[in-house]
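Undergrad: Just so it is clear, I am handing over model11.txt, which has compact mmCIF, C-alpha atoms and all ligand atoms.
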# COMPACT_ATOMS: atom_id res chain seq x y z
CA MET A 1 -3.67 4.97 -27.88
CA GLN A 2 -1.01 6.21 -25.51
CA ILE A 3 0.75 5.06 -22.38
CA TYR A 4 0.16 7.05 -19.19
CA ASN A 5 1.62 6.70 -15.69
CA ALA A 6 -1.15 7.14 -13.12
CA ASP A 7 -1.18 7.32 -9.32
CA LEU A 8 -4.82 7.23 -8.29
CA HIS A 9 -4.66 7.43 -4.50
CA ILE A 10 -2.98 10.32 -2.67
CA HIS A 11 -3.86 12.60 0.25
CA SER A 12 -4.06 16.36 0.74
CA PRO A 13 -2.88 18.66 3.55
CA TYR A 14 -6.31 18.03 5.11
CA SER A 15 -5.30 14.47 5.94
CA ILE A 16 -3.34 13.69 9.04
CA ALA A 17 0.47 13.68 8.65
CA VAL A 18 0.49 15.44 5.27
CA SER A 19 2.65 18.54 4.92
CA GLN A 20 0.86 21.88 4.81
CA ASN A 21 3.14 22.74 1.88
CA MET A 22 1.51 20.11 -0.30
CA ASN A 23 -0.17 22.21 -2.97
CA LEU A 24 -0.72 21.86 -6.71
CA GLU A 25 2.61 23.46 -7.57
CA THR A 26 4.57 21.07 -5.30
CA ILE A 27 2.53 18.12 -6.52
CA TYR A 28 3.08 19.14 -10.14
CA ASN A 29 6.85 19.59 -9.79
CA THR A 30 7.20 16.23 -8.09
CA ALA A 31 4.99 14.49 -10.65
CA MET A 32 7.09 15.86 -13.51
CA LYS A 33 10.34 14.68 -11.91
CA LYS A 34 8.86 11.25 -11.32
CA GLY A 35 7.29 10.87 -14.74
CA LEU A 36 3.64 10.82 -13.62
CA ASN A 37 0.99 11.91 -16.13
CA ILE A 38 -2.18 11.36 -14.10
CA LEU A 39 -2.81 11.96 -10.38
CA SER A 40 -5.88 11.73 -8.18
CA THR A 41 -6.73 14.84 -6.16
CA GLY A 42 -7.35 12.81 -3.01
CA ASP A 43 -9.59 14.07 -0.20
CA ILE A 44 -12.21 15.61 -2.51
CA THR A 45 -14.97 15.61 0.13
CA GLN A 46 -12.96 18.07 2.23
CA PRO A 47 -14.66 21.43 1.37
CA ALA A 48 -11.59 23.71 1.57
CA TRP A 49 -9.42 21.35 -0.51
CA ARG A 50 -12.23 20.99 -3.06
CA LYS A 51 -12.62 24.76 -3.37
CA TYR A 52 -8.86 25.20 -3.81
CA LEU A 53 -8.83 22.60 -6.59
CA LYS A 54 -11.91 24.01 -8.27
CA ASP A 55 -10.29 27.46 -8.32
CA ASN A 56 -6.97 26.22 -9.65
CA LEU A 57 -7.60 23.37 -12.11
CA ASP A 58 -8.26 23.99 -15.79
CA PHE A 59 -11.09 22.16 -17.51
CA ARG A 60 -10.19 21.18 -21.09
CA ASP A 61 -11.82 18.61 -23.39
CA GLY A 62 -13.79 17.16 -20.47
CA MET A 63 -10.67 16.71 -18.33
CA TYR A 64 -9.10 18.56 -15.42
CA PHE A 65 -5.49 19.69 -15.67
CA TYR A 66 -2.91 21.53 -13.65
CA LYS A 67 -0.57 22.70 -16.41
CA ASP A 68 -0.11 19.43 -18.36
CA LEU A 69 -0.76 17.07 -15.44
CA SER A 70 -4.12 15.32 -15.71
CA VAL A 71 -5.97 15.40 -12.40
CA ILE A 72 -8.72 12.92 -11.54
CA ILE A 73 -11.27 13.83 -8.87
CA GLY A 74 -10.91 11.26 -6.11
CA THR A 75 -10.86 10.39 -2.45
CA GLU A 76 -10.73 7.57 0.08
CA LEU A 77 -13.64 6.67 2.34
CA GLU A 78 -13.76 4.52 5.46
CA ASP A 79 -16.94 2.50 5.89
CA ILE A 80 -18.80 1.36 9.00
CA GLU A 81 -16.65 -1.80 9.13
CA SER A 82 -13.46 0.31 9.02
CA ILE A 83 -12.71 -0.87 5.49
CA HIS A 84 -11.13 1.74 3.21
CA HIS A 85 -12.26 2.35 -0.37
CA VAL A 86 -10.53 4.26 -3.17
CA ILE A 87 -13.04 6.46 -5.02
CA LEU A 88 -12.66 8.05 -8.47
CA LEU A 89 -15.25 10.51 -9.82
CA PRO A 90 -15.97 12.07 -13.22
CA ASP A 91 -16.15 15.73 -12.12
CA PHE A 92 -16.73 18.28 -9.36
CA SER A 93 -20.50 18.04 -9.63
CA ALA A 94 -20.25 14.30 -8.84
CA ALA A 95 -18.05 15.22 -5.87
CA GLU A 96 -20.62 17.73 -4.63
CA LYS A 97 -23.42 15.20 -5.07
CA LEU A 98 -21.39 12.62 -3.17
CA GLN A 99 -20.81 15.13 -0.38
CA GLU A 100 -24.57 15.73 -0.06
CA MET A 101 -25.29 12.02 0.03
CA LEU A 102 -22.62 11.41 2.65
CA ASN A 103 -23.47 14.36 4.91
CA PRO A 104 -26.15 12.59 7.00
CA HIS A 105 -23.80 9.62 7.50
CA VAL A 106 -20.51 11.34 8.38
CA LYS A 107 -19.44 13.21 11.47
CA ASN A 108 -15.96 14.36 10.58
CA ILE A 109 -16.29 16.03 7.20
CA THR A 110 -14.27 19.09 8.25
CA GLY A 111 -12.33 17.67 11.18
CA ARG A 112 -8.91 16.16 11.60
CA TRP A 113 -9.84 13.05 9.64
CA ALA A 114 -11.77 14.97 7.00
CA GLY A 115 -9.41 13.92 4.25
CA ARG A 116 -10.67 10.39 4.57
CA PRO A 117 -14.05 10.53 6.30
CA HIS A 118 -15.68 7.68 8.21
CA VAL A 119 -19.09 6.90 6.70
CA ASN A 120 -21.77 4.95 8.53
CA LYS A 121 -22.47 2.66 5.58
CA ASN A 122 -21.44 -0.91 4.84
CA PRO A 123 -19.16 -1.90 1.93
CA ALA A 124 -22.01 -2.69 -0.50
CA GLU A 125 -23.77 0.59 0.32
CA ILE A 126 -20.57 2.55 -0.37
CA VAL A 127 -20.30 0.89 -3.80
CA GLU A 128 -23.94 1.75 -4.58
CA ILE A 129 -23.53 5.39 -3.52
CA ILE A 130 -20.46 5.79 -5.70
CA ASP A 131 -22.26 4.12 -8.61
CA ASP A 132 -25.21 6.51 -8.12
CA VAL A 133 -23.00 9.58 -8.54
CA GLY A 134 -21.31 8.10 -11.63
CA GLY A 135 -18.00 7.19 -9.99
CA ILE A 136 -16.00 3.98 -9.63
CA CYS A 137 -14.42 2.42 -6.56
CA GLY A 138 -12.59 -0.54 -5.11
CA PRO A 139 -11.10 -1.69 -1.80
CA ALA A 140 -8.00 0.27 -0.75
CA HIS A 141 -4.76 -1.47 0.36
CA ALA A 142 -6.82 -4.65 0.39
CA PHE A 143 -4.52 -6.85 2.51
CA THR A 144 -3.09 -4.51 5.17
CA PRO A 145 -3.60 -5.51 8.83
CA PHE A 146 -5.62 -2.35 9.49
CA LYS A 147 -8.64 -0.86 7.74
CA SER A 148 -8.73 -3.33 4.89
CA VAL A 149 -11.23 -5.78 3.47
CA PHE A 150 -9.00 -8.85 3.87
CA ARG A 151 -7.46 -8.01 7.25
CA GLN A 152 -7.14 -10.66 9.95
CA GLY A 153 -10.53 -11.90 11.10
CA ARG A 154 -12.39 -10.14 8.26
CA TYR A 155 -13.39 -11.26 4.81
CA LYS A 156 -11.79 -13.93 2.65
CA THR A 157 -13.42 -12.96 -0.66
CA LEU A 158 -14.87 -9.80 -2.18
CA ALA A 159 -18.22 -11.55 -2.60
CA GLU A 160 -18.42 -12.04 1.18
CA ALA A 161 -17.77 -8.35 1.77
CA TYR A 162 -19.83 -6.78 -1.00
CA GLY A 163 -22.54 -9.32 -1.87
CA SER A 164 -24.25 -8.51 -5.16
CA ALA A 165 -22.47 -5.12 -5.35
CA GLU A 166 -19.24 -7.03 -6.11
CA LYS A 167 -19.80 -6.77 -9.87
CA LYS A 168 -19.70 -2.97 -9.63
CA ILE A 169 -16.24 -2.92 -8.06
CA ALA A 170 -13.87 -1.53 -10.68
CA PHE A 171 -10.52 -2.54 -9.16
CA LEU A 172 -8.66 -3.75 -6.11
CA GLU A 173 -5.77 -1.70 -4.75
CA LEU A 174 -2.86 -3.96 -3.80
CA GLY A 175 -1.26 -1.72 -1.19
CA LEU A 176 2.44 -1.25 -0.53
CA SER A 177 3.00 -4.62 1.16
CA ALA A 178 1.35 -6.76 -1.53
CA ASP A 179 1.88 -7.39 -5.22
CA THR A 180 0.35 -9.38 -8.04
CA ASN A 181 2.23 -12.54 -7.05
CA LEU A 182 0.63 -12.53 -3.62
CA ALA A 183 -2.85 -11.44 -4.71
CA ASP A 184 -3.07 -13.93 -7.58
CA ARG A 185 -2.82 -16.76 -5.09
CA MET A 186 -6.52 -16.06 -4.45
CA GLU A 187 -8.67 -17.58 -7.15
CA SER A 188 -11.56 -15.27 -6.32
CA LEU A 189 -9.53 -12.27 -7.55
CA LYS A 190 -8.91 -13.57 -11.05
CA ASN A 191 -11.41 -11.24 -12.73
CA ILE A 192 -10.59 -8.01 -10.98
CA THR A 193 -8.07 -5.41 -12.20
CA PHE A 194 -5.30 -4.62 -9.72
CA LEU A 195 -4.20 -1.05 -9.11
CA SER A 196 -0.94 -0.06 -7.46
CA ASN A 197 -1.17 3.46 -5.99
CA SER A 198 1.09 5.37 -3.60
CA ASP A 199 -1.48 6.32 -0.90
CA ALA A 200 1.01 9.14 -0.36
CA HIS A 201 0.42 10.47 3.09
CA SER A 202 3.54 12.18 4.15
CA GLU A 203 5.49 15.26 5.02
CA GLY A 204 7.30 15.51 1.72
CA ALA A 205 5.96 15.08 -1.78
CA GLN A 206 8.56 12.36 -2.48
CA SER A 207 6.22 9.47 -1.78
CA LEU A 208 3.89 10.52 -4.59
CA GLY A 209 4.09 7.87 -7.29
CA ARG A 210 6.14 5.41 -5.21
CA GLU A 211 3.57 2.98 -6.67
CA PHE A 212 1.73 3.67 -9.92
CA ASN A 213 -0.09 2.10 -12.86
CA ARG A 214 0.97 2.22 -16.47
CA MET A 215 -2.22 2.47 -18.53
CA GLU A 216 -3.03 2.31 -22.22
CA LEU A 217 -5.69 4.96 -22.86
CA GLU A 218 -7.04 7.20 -25.61
CA ASN A 219 -6.64 10.23 -23.33
CA PRO A 220 -5.96 10.81 -19.61
CA SER A 221 -9.63 11.13 -18.57
CA PHE A 222 -11.85 9.52 -15.93
CA ASP A 223 -13.87 7.73 -18.64
CA GLU A 224 -10.75 6.17 -20.12
CA ILE A 225 -9.49 5.05 -16.71
CA LYS A 226 -12.88 3.51 -16.02
CA LYS A 227 -12.68 1.60 -19.30
CA ALA A 228 -9.17 0.42 -18.43
CA CYS A 229 -10.31 -0.84 -15.02
CA PHE A 230 -13.12 -2.84 -16.60
CA ARG A 231 -10.78 -3.75 -19.52
CA ARG A 232 -13.12 -2.43 -22.18
CA LYS A 233 -12.27 -1.52 -25.79
CA ASN A 234 -8.59 -2.44 -25.37
CA ARG A 235 -8.07 0.09 -22.61
CA ARG A 236 -6.05 -1.57 -19.88
CA VAL A 237 -3.43 -1.43 -17.17
CA THR A 238 -0.25 -2.59 -18.91
CA LEU A 239 2.04 -2.64 -15.88
CA ASN A 240 1.72 -2.37 -12.11
CA VAL A 241 4.76 -0.76 -10.56
CA GLY A 242 5.46 -0.61 -6.87
CA LEU A 243 7.48 -1.45 -3.84
CA GLU A 244 8.69 -4.98 -3.47
CA PRO A 245 6.16 -6.16 -0.86
CA ARG A 246 8.90 -6.82 1.70
CA LEU A 247 9.68 -3.10 1.63
CA GLY A 248 6.11 -2.26 2.65
CA LYS A 249 5.20 -1.38 6.23
CA TYR A 250 3.01 -4.39 6.86
CA PHE A 251 4.62 -7.39 5.18
CA ILE A 252 5.35 -9.58 8.22
CA MET A 253 3.60 -10.11 11.55
CA PHE A 254 4.14 -7.87 14.53
CA CYS A 255 3.17 -7.08 18.09
CA ARG A 256 0.28 -4.65 18.31
CA LYS A 257 1.92 -2.74 21.16
CA CYS A 258 5.73 -2.73 20.89
CA ARG A 259 5.56 -3.14 17.10
CA ARG A 260 8.45 -5.60 17.04
CA ARG A 261 8.39 -7.65 13.86
CA ILE A 262 8.15 -11.43 14.11
CA ILE A 263 10.52 -13.51 12.01
CA ASN A 264 9.51 -17.14 11.91
CA THR A 265 11.64 -19.63 10.09
CA ILE A 266 12.02 -23.35 9.68
CA LYS A 267 15.43 -24.34 10.99
CA ASN A 268 15.57 -27.82 9.53
CA ASN A 269 12.46 -29.64 8.57
CA GLU A 270 13.69 -32.72 10.39
CA GLU A 271 11.19 -35.50 10.87
CA THR A 272 11.32 -36.20 14.56
CA GLN A 273 8.20 -37.42 16.26
CA ASP A 274 5.00 -35.74 15.20
CA THR A 275 4.87 -33.67 18.34
CA PRO A 276 2.19 -31.02 18.56
CA LEU A 277 3.43 -27.48 18.61
CA LEU A 278 2.52 -26.68 22.18
CA GLN A 279 4.74 -29.48 23.42
CA SER A 280 7.56 -28.37 21.20
CA GLY A 281 7.52 -25.05 22.98
CA LEU A 282 6.51 -21.55 22.05
CA ALA A 283 9.51 -19.71 23.32
CA PRO A 284 11.10 -17.32 20.87
CA SER A 285 14.74 -18.03 20.15
CA LYS A 286 15.73 -14.39 20.26
CA ILE A 287 14.24 -11.00 21.13
CA ASP A 288 15.94 -7.74 20.22
CA ALA A 289 14.90 -4.10 19.88
CA ASN A 290 13.11 -4.61 16.57
CA PHE A 291 12.46 -8.32 16.12
CA ILE A 292 11.27 -11.47 17.83
CA HIS A 293 12.64 -14.61 16.20
CA TYR A 294 10.92 -17.99 16.25
CA HIS A 295 12.55 -21.09 14.80
CA PHE A 296 10.49 -24.16 14.08
CA LYS A 297 11.76 -27.59 13.33
CA LYS A 298 8.82 -28.57 11.17
CA ILE A 299 6.53 -26.82 8.72
CA LYS A 300 3.60 -28.22 10.65
CA HIS A 301 4.74 -26.41 13.79
CA GLN A 302 5.09 -23.17 11.90
CA ASN A 303 1.59 -23.59 10.48
CA ASP A 304 0.16 -24.34 13.93
CA PHE A 305 1.88 -21.24 15.27
CA LEU A 306 0.40 -19.06 12.51
CA LYS A 307 -3.04 -20.51 13.17
CA LEU A 308 -2.75 -19.65 16.85
CA CYS A 309 -1.66 -16.12 15.93
CA SER A 310 -4.59 -15.80 13.58
CA ASN A 311 -6.95 -16.78 16.39
CA GLY A 312 -5.33 -14.16 18.63
CA ASP A 313 -3.86 -16.81 20.93
CA ILE A 314 -0.19 -15.79 20.84
CA LYS A 315 1.00 -13.06 23.13
CA CYS A 316 4.06 -10.90 22.67
CA LYS A 317 6.87 -12.38 24.75
CA ALA A 318 8.78 -9.10 24.75
CA CYS A 319 5.84 -7.14 26.12
CA GLU A 320 5.03 -9.92 28.57
CA SER A 321 8.50 -9.83 30.08
CA ASP A 322 8.45 -5.98 30.21
CA ILE A 323 5.12 -6.02 32.03
CA LYS A 324 6.33 -8.65 34.49
CA LYS A 325 9.51 -6.71 35.21
CA LYS A 326 7.57 -3.51 35.82
CA GLN A 327 5.11 -5.27 38.12
CA LYS A 328 7.95 -6.77 40.14
CA LEU A 329 9.58 -3.38 40.45
CA ASN A 330 6.36 -1.73 41.62
CA ASN A 331 5.35 -4.69 43.72
CA LYS A 332 2.01 -5.01 41.96
CA SER A 333 0.29 -8.16 40.94
CA LYS A 334 -2.83 -6.81 39.19
CA LYS A 335 -3.61 -8.69 36.02
CA VAL A 336 -2.59 -6.71 32.93
CA ALA A 337 -3.60 -7.72 29.43
CA ILE A 338 -0.58 -8.78 27.39
CA PRO A 339 -0.57 -7.54 23.80
CA LYS A 340 -1.09 -10.09 21.06
CA LEU A 341 0.64 -10.72 17.77
CA LYS A 342 -1.05 -9.62 14.56
CA LEU A 343 -0.64 -11.13 11.10
CA GLY A 344 1.13 -9.15 8.38
CA VAL A 345 0.11 -9.18 4.73
CA SER A 346 2.25 -12.21 3.87
CA GLU A 347 0.83 -14.41 6.66
CA ARG A 348 -2.74 -13.24 6.01
CA VAL A 349 -2.46 -14.05 2.31
CA ASN A 350 -1.08 -17.48 3.22
CA GLU A 351 -4.13 -18.00 5.37
CA ILE A 352 -6.78 -17.07 2.81
CA ALA A 353 -5.01 -18.07 -0.42
CA THR A 354 -6.39 -20.73 -2.75
CA TRP A 355 -2.89 -21.78 -3.82
CA SER A 356 -0.27 -22.47 -1.20
CA SER A 357 2.81 -20.96 -2.79
CA GLU A 358 2.74 -20.15 -6.51
CA PRO A 359 0.30 -17.62 -7.98
CA LYS A 360 -1.88 -18.37 -10.99
CA HIS A 361 -2.08 -15.23 -13.10
CA PRO A 362 -5.12 -14.82 -15.35
CA ASP A 363 -4.34 -13.95 -18.99
CA HIS A 364 -5.33 -10.31 -18.59
CA ARG A 365 -2.98 -9.70 -15.65
CA PRO A 366 -0.13 -7.29 -16.48
CA PRO A 367 3.36 -7.84 -15.03
CA TYR A 368 4.25 -6.31 -11.68
CA LEU A 369 7.55 -4.47 -11.51
CA ASP A 370 9.37 -3.94 -8.20
CA ILE A 371 10.86 -0.53 -7.62
CA ILE A 372 12.11 1.51 -4.73
CA PRO A 373 11.94 5.32 -4.82
CA LEU A 374 15.12 6.77 -6.32
CA VAL A 375 15.52 8.96 -3.27
CA GLU A 376 15.83 5.81 -1.13
CA ILE A 377 18.59 4.47 -3.36
CA VAL A 378 20.38 7.81 -3.16
CA ARG A 379 19.90 7.96 0.62
CA LYS A 380 21.51 4.53 0.95
CA ILE A 381 24.44 5.56 -1.24
CA CYS A 382 24.91 8.79 0.73
CA LYS A 383 24.67 6.76 3.96
CA VAL A 384 22.29 9.20 5.66
CA LYS A 385 18.99 8.62 7.44
CA ASN A 386 17.08 11.70 6.34
CA PRO A 387 15.71 11.46 2.77
CA ARG A 388 15.54 15.27 2.71
CA ALA A 389 19.23 15.74 3.58
CA LYS A 390 21.10 18.21 1.37
CA SER A 391 23.47 15.57 -0.03
CA VAL A 392 20.50 13.39 -1.03
CA THR A 393 18.59 16.21 -2.71
CA LYS A 394 21.68 17.30 -4.62
CA MET A 395 22.43 13.83 -5.99
CA TYR A 396 18.74 13.19 -6.80
CA GLU A 397 18.39 16.47 -8.70
CA ASN A 398 21.59 15.73 -10.63
CA LEU A 399 20.35 12.32 -11.69
CA ILE A 400 17.05 13.78 -12.89
CA LYS A 401 18.88 16.53 -14.76
CA ASN A 402 21.16 14.04 -16.50
CA TYR A 403 18.84 11.16 -17.28
CA GLY A 404 15.22 12.35 -17.45
CA THR A 405 12.43 11.32 -15.10
CA GLU A 406 12.74 9.04 -12.07
CA TYR A 407 10.73 6.34 -13.87
CA ASP A 408 13.07 6.59 -16.88
CA ILE A 409 15.98 5.89 -14.55
CA LEU A 410 14.31 3.16 -12.51
CA ILE A 411 12.52 1.34 -15.31
CA ASP A 412 13.25 2.26 -18.89
CA LEU A 413 16.79 3.53 -19.33
CA PRO A 414 19.38 0.90 -20.42
CA ILE A 415 21.71 0.30 -17.47
CA SER A 416 24.75 1.03 -19.67
CA LYS A 417 23.51 4.62 -20.05
CA ILE A 418 23.62 5.30 -16.30
CA GLN A 419 27.12 6.55 -15.64
CA ASN A 420 26.95 6.62 -11.85
CA ASN A 421 28.19 3.13 -11.03
CA GLU A 422 26.60 2.73 -7.63
CA VAL A 423 23.17 3.83 -8.89
CA ALA A 424 23.48 1.62 -11.98
CA GLN A 425 24.43 -1.41 -9.89
CA ILE A 426 21.48 -1.07 -7.51
CA ILE A 427 18.93 -0.42 -10.25
CA SER A 428 20.24 -3.35 -12.24
CA ALA A 429 19.90 -5.60 -9.16
CA PHE A 430 16.31 -4.40 -8.78
CA ARG A 431 15.45 -5.08 -12.39
CA ASP A 432 16.91 -8.59 -12.05
CA SER A 433 15.20 -9.22 -8.67
CA LYS A 434 18.56 -9.71 -6.97
CA ILE A 435 18.03 -7.45 -3.98
CA LYS A 436 18.04 -8.81 -0.42
CA TYR A 437 15.69 -7.29 2.11
CA ILE A 438 14.99 -6.82 5.78
CA PRO A 439 11.21 -7.22 5.67
CA GLY A 440 8.96 -4.40 6.92
CA GLY A 441 6.12 -4.85 9.39
CA GLY A 442 4.14 -3.23 12.19
CA GLY A 443 4.40 0.21 10.56
CA THR A 444 8.14 0.11 9.80
CA PHE A 445 9.24 0.05 6.16
CA GLY A 446 11.51 -2.77 5.00
CA GLU A 447 15.07 -2.07 3.91
CA ILE A 448 17.34 -3.12 1.10
CA LEU A 449 20.68 -4.68 2.00
CA LEU A 450 23.20 -2.98 -0.23
CA ASN A 451 26.30 -4.89 0.83
CA GLU A 452 24.71 -8.12 -0.37
CA ILE A 453 24.29 -7.05 -3.99
ZN ZN B 501 -6.54 3.91 3.72
ZN ZN B 502 5.20 -6.42 22.11
As structure tokens, what does this structure read like?
Ligand SMILES: [Zn+2]
Ligand SMILES: [Zn+2]

TA:
Amino acid sequence: MQIYNADLHIHSPYSIAVSQNMNLETIYNTAMKKGLNILSTGDITQPAWRKYLKDNLDFRDGMYFYKDLSVIIGTELEDIESIHHVILLPDFSAAEKLQEMLNPHVKNITGRWAGRPHVNKNPAEIVEIIDDVGGICGPAHAFTPFKSVFRQGRYKTLAEAYGSAEKKIAFLELGLSADTNLADRMESLKNITFLSNSDAHSEGAQSLGREFNRMELENPSFDEIKKACFRRKNRRVTLNVGLEPRLGKYFIMFCRKCRRRIINTIKNNEETQDTPLLQSGLAPSKIDANFIHYHFKKIKHQNDFLKLCSNGDIKCKACESDIKKKQKLNNKSKKVAIPKLKLGVSERVNEIATWSSEPKHPDHRPPYLDIIPLVEIVRKICKVKNPRAKSVTKMYENLIKNYGTEYDILIDLPISKIQNNEVAQIISAFRDSKIKYIPGGGGTFGEILLNEI
């Protein structure tokens, strides 16, 4: 058997916010630089994208290739409950069959959201449809505050969401703001295989493979990936690789409107009187352009606060004061709804977890390795904002030329072999989990703090 690096969830130019330049050649070149061997097509129910792929992929030994990159037919679907599902299919005829079955239940198959159509079916029905056409599926970015199975106010277990169709779910996609340590705090997930995919959805091809799965397979085919997901015949995921969850866009809670992130900390868990939270006050200690800070004196107060947030009872103090100021200025007193705070992945997992802090990994669970895209490291070193700046591209290309693929540099190469000191120092800190972060949330990615390495 061989080891393959697979990213099984990406999007095409037919999805919103994806560059029109994203074609097989760009995808291929990026995949080779990264070290990816297997990629999903994404968006396969979009007719024009499907035709383009059909015309340009080679079919060899039952597998699709672009040059030597294995390509798996796949897409993402949104169900009637706005839950997203990652879909993988054996071939184009399964994709065409799926399209026919979906047609009566979708409105937007060629529109702006065609890349990831909305289907008027519930989660269990989606699983059955995919099973009928010979494909496999699982919940996408399972913990994110939007469009996910475990989002605030939704399900707490897969059984609740899928009923008896649960046994046909092949995997659960962790999403950029979660990892194995968070997900394995839920006992109900102990039997399911976790996938870490990029969900690349962006202007440049750089975000391809920012998360991926290392798999042990006989060959890079759909059948082998299916076996690995169900852990049959020694096929398996050997490593999940992805962003440290704090770097993801949805790790901590945020305001739905102004998108400020909420930092809540325990100042000193001093045992004063057992005062209920509401008496201890709900005023944030600080509000700035990006964050609202809350300090609590006791863990109990913090827990009460999170419970109130979960019930939708905490309003954004920053938005509230903006609204009041505006009303005063315009001399209006009409009642305006004040936006509420929404839980991030970390708070939502805390709420539905079986175990309060430490995960319990089942024996089959592979390690999870934190990475950050090399281009982000380079961007930090070059001290520029734009990841496509000339200086960044030049340094990135040089590193790839000197040391092999991006994954070689980030994961496999001995640190002593990397001659660029700054790069070596940051990668070494990553490998030893010594990086400090500003956590992401509300749609803003987290950041690494370089001066604290
Ligand atoms: Zn999605
Ligand atoms: Zn706000």

Undergrad: Can you pull out every residue with an atom within 8 Å of ligand ZN 502 (chain B)? Use only C-alpha atoms and all ligand atoms and format it as a PyMOL selection string.

TA: chain A and resi 254-260+315-320+339-341

Undergrad: Within 10 Å of ligand ZN 501 (chain B), which residues of chain A show up? Give each one with its shortest atom-to-atom distance in Å (one decimal) and the two atoms involved, counting all atoms listed in the file, rows by chain then rising residue number, as a Markdown table.

TA:
| residue | atom | partner | partner_atom | distance |
| --- | --- | --- | --- | --- |
| A:His9 | CA | B:ZN501 | ZN | 9.1 |
| A:Ile10 | CA | B:ZN501 | ZN | 9.7 |
| A:His11 | CA | B:ZN501 | ZN | 9.7 |
| A:Thr75 | CA | B:ZN501 | ZN | 9.9 |
| A:Glu76 | CA | B:ZN501 | ZN | 6.6 |
| A:Leu77 | CA | B:ZN501 | ZN | 7.7 |
| A:Glu78 | CA | B:ZN501 | ZN | 7.5 |
| A:Ser82 | CA | B:ZN501 | ZN | 9.4 |
| A:Ile83 | CA | B:ZN501 | ZN | 8.0 |
| A:His84 | CA | B:ZN501 | ZN | 5.1 |
| A:His85 | CA | B:ZN501 | ZN | 7.2 |
| A:Val86 | CA | B:ZN501 | ZN | 8.0 |
| A:Arg116 | CA | B:ZN501 | ZN | 7.7 |
| A:Pro139 | CA | B:ZN501 | ZN | 9.1 |
| A:Ala140 | CA | B:ZN501 | ZN | 5.9 |
| A:His141 | CA | B:ZN501 | ZN | 6.6 |
| A:Ala142 | CA | B:ZN501 | ZN | 9.2 |
| A:Thr144 | CA | B:ZN501 | ZN | 9.2 |
| A:Phe146 | CA | B:ZN501 | ZN | 8.6 |
| A:Lys147 | CA | B:ZN501 | ZN | 6.6 |
| A:Ser148 | CA | B:ZN501 | ZN | 7.7 |
| A:Gly175 | CA | B:ZN501 | ZN | 9.1 |
| A:Asp199 | CA | B:ZN501 | ZN | 7.3 |
| A:His201 | CA | B:ZN501 | ZN | 9.6 |

Undergrad: Keeping only C-alpha atoms, take the residues you just selected and write them out as a PDB file, in the coordinates of the input.

TA:
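Resulting contents of selection-v8.pdb:
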ATOM      1  CA  HIS A   9      -4.660   7.430  -4.500  1.00  0.00           C
ATOM      2  CA  ILE A  10      -2.980  10.320  -2.670  1.00  0.00           C
ATOM      3  CA  HIS A  11      -3.860  12.600   0.250  1.00  0.00           C
ATOM      4  CA  THR A  75     -10.860  10.390  -2.450  1.00  0.00           C
ATOM      5  CA  GLU A  76     -10.730   7.570   0.080  1.00  0.00           C
ATOM      6  CA  LEU A  77     -13.640   6.670   2.340  1.00  0.00           C
ATOM      7  CA  GLU A  78     -13.760   4.520   5.460  1.00  0.00           C
ATOM      8  CA  SER A  82     -13.460   0.310   9.020  1.00  0.00           C
ATOM      9  CA  ILE A  83     -12.710  -0.870   5.490  1.00  0.00           C
ATOM     10  CA  HIS A  84     -11.130   1.740   3.210  1.00  0.00           C
ATOM     11  CA  HIS A  85     -12.260   2.350  -0.370  1.00  0.00           C
ATOM     12  CA  VAL A  86     -10.530   4.260  -3.170  1.00  0.00           C
ATOM     13  CA  ARG A 116     -10.670  10.390   4.570  1.00  0.00           C
ATOM     14  CA  PRO A 139     -11.100  -1.690  -1.800  1.00  0.00           C
ATOM     15  CA  ALA A 140      -8.000   0.270  -0.750  1.00  0.00           C
ATOM     16  CA  HIS A 141      -4.760  -1.470   0.360  1.00  0.00           C
ATOM     17  CA  ALA A 142      -6.820  -4.650   0.390  1.00  0.00           C
ATOM     18  CA  THR A 144      -3.090  -4.510   5.170  1.00  0.00           C
ATOM     19  CA  PHE A 146      -5.620  -2.350   9.490  1.00  0.00           C
ATOM     20  CA  LYS A 147      -8.640  -0.860   7.740  1.00  0.00           C
ATOM     21  CA  SER A 148      -8.730  -3.330   4.890  1.00  0.00           C
ATOM     22  CA  GLY A 175      -1.260  -1.720  -1.190  1.00  0.00           C
ATOM     23  CA  ASP A 199      -1.480   6.320  -0.900  1.00  0.00           C
ATOM     24  CA  HIS A 201       0.420  10.470   3.090  1.00  0.00           C
TER      25      HIS A 201
END

Undergrad: Point out the residue among A:Glu347, A:Glu406, A:Glu447, A:Asp223 with the least atom-to-atom distance to Ile427 (chain A), counting all atoms listed in the file.

TA: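 Closest candidate: A:Glu406.
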
Undergrad: Using all atoms listed in the file, can you tell me which of A:Pro362, A:Pro373, A:Pro439, A:Gly134 comes closest to Gly242 (chain A)?

TA: A:Pro373

Undergrad: Rank A:Asn219, A:Ser391, A:Thr30, A:Thr193 by their smallest atom-to-atom distance to Thr238 (chain A), using all atoms listed in the file, and report the top residue only.

TA: A:Thr193

Undergrad: Have a look at A:Ile169, A:Ile435, A:Ile377, A:Ala94 and name the one nearest to Ile126 (chain A); count all atoms listed in the file.

TA: A:Ile169

Undergrad: Name the residues in contact with Ile372 (chain A) at a cut-off of 8 Å, using all atoms listed in the file, excluding same-chain residues fewer than 2 positions from it; report them as number ranges by chain.

TA: A: 210, 242-244, 370, 374, 376-377
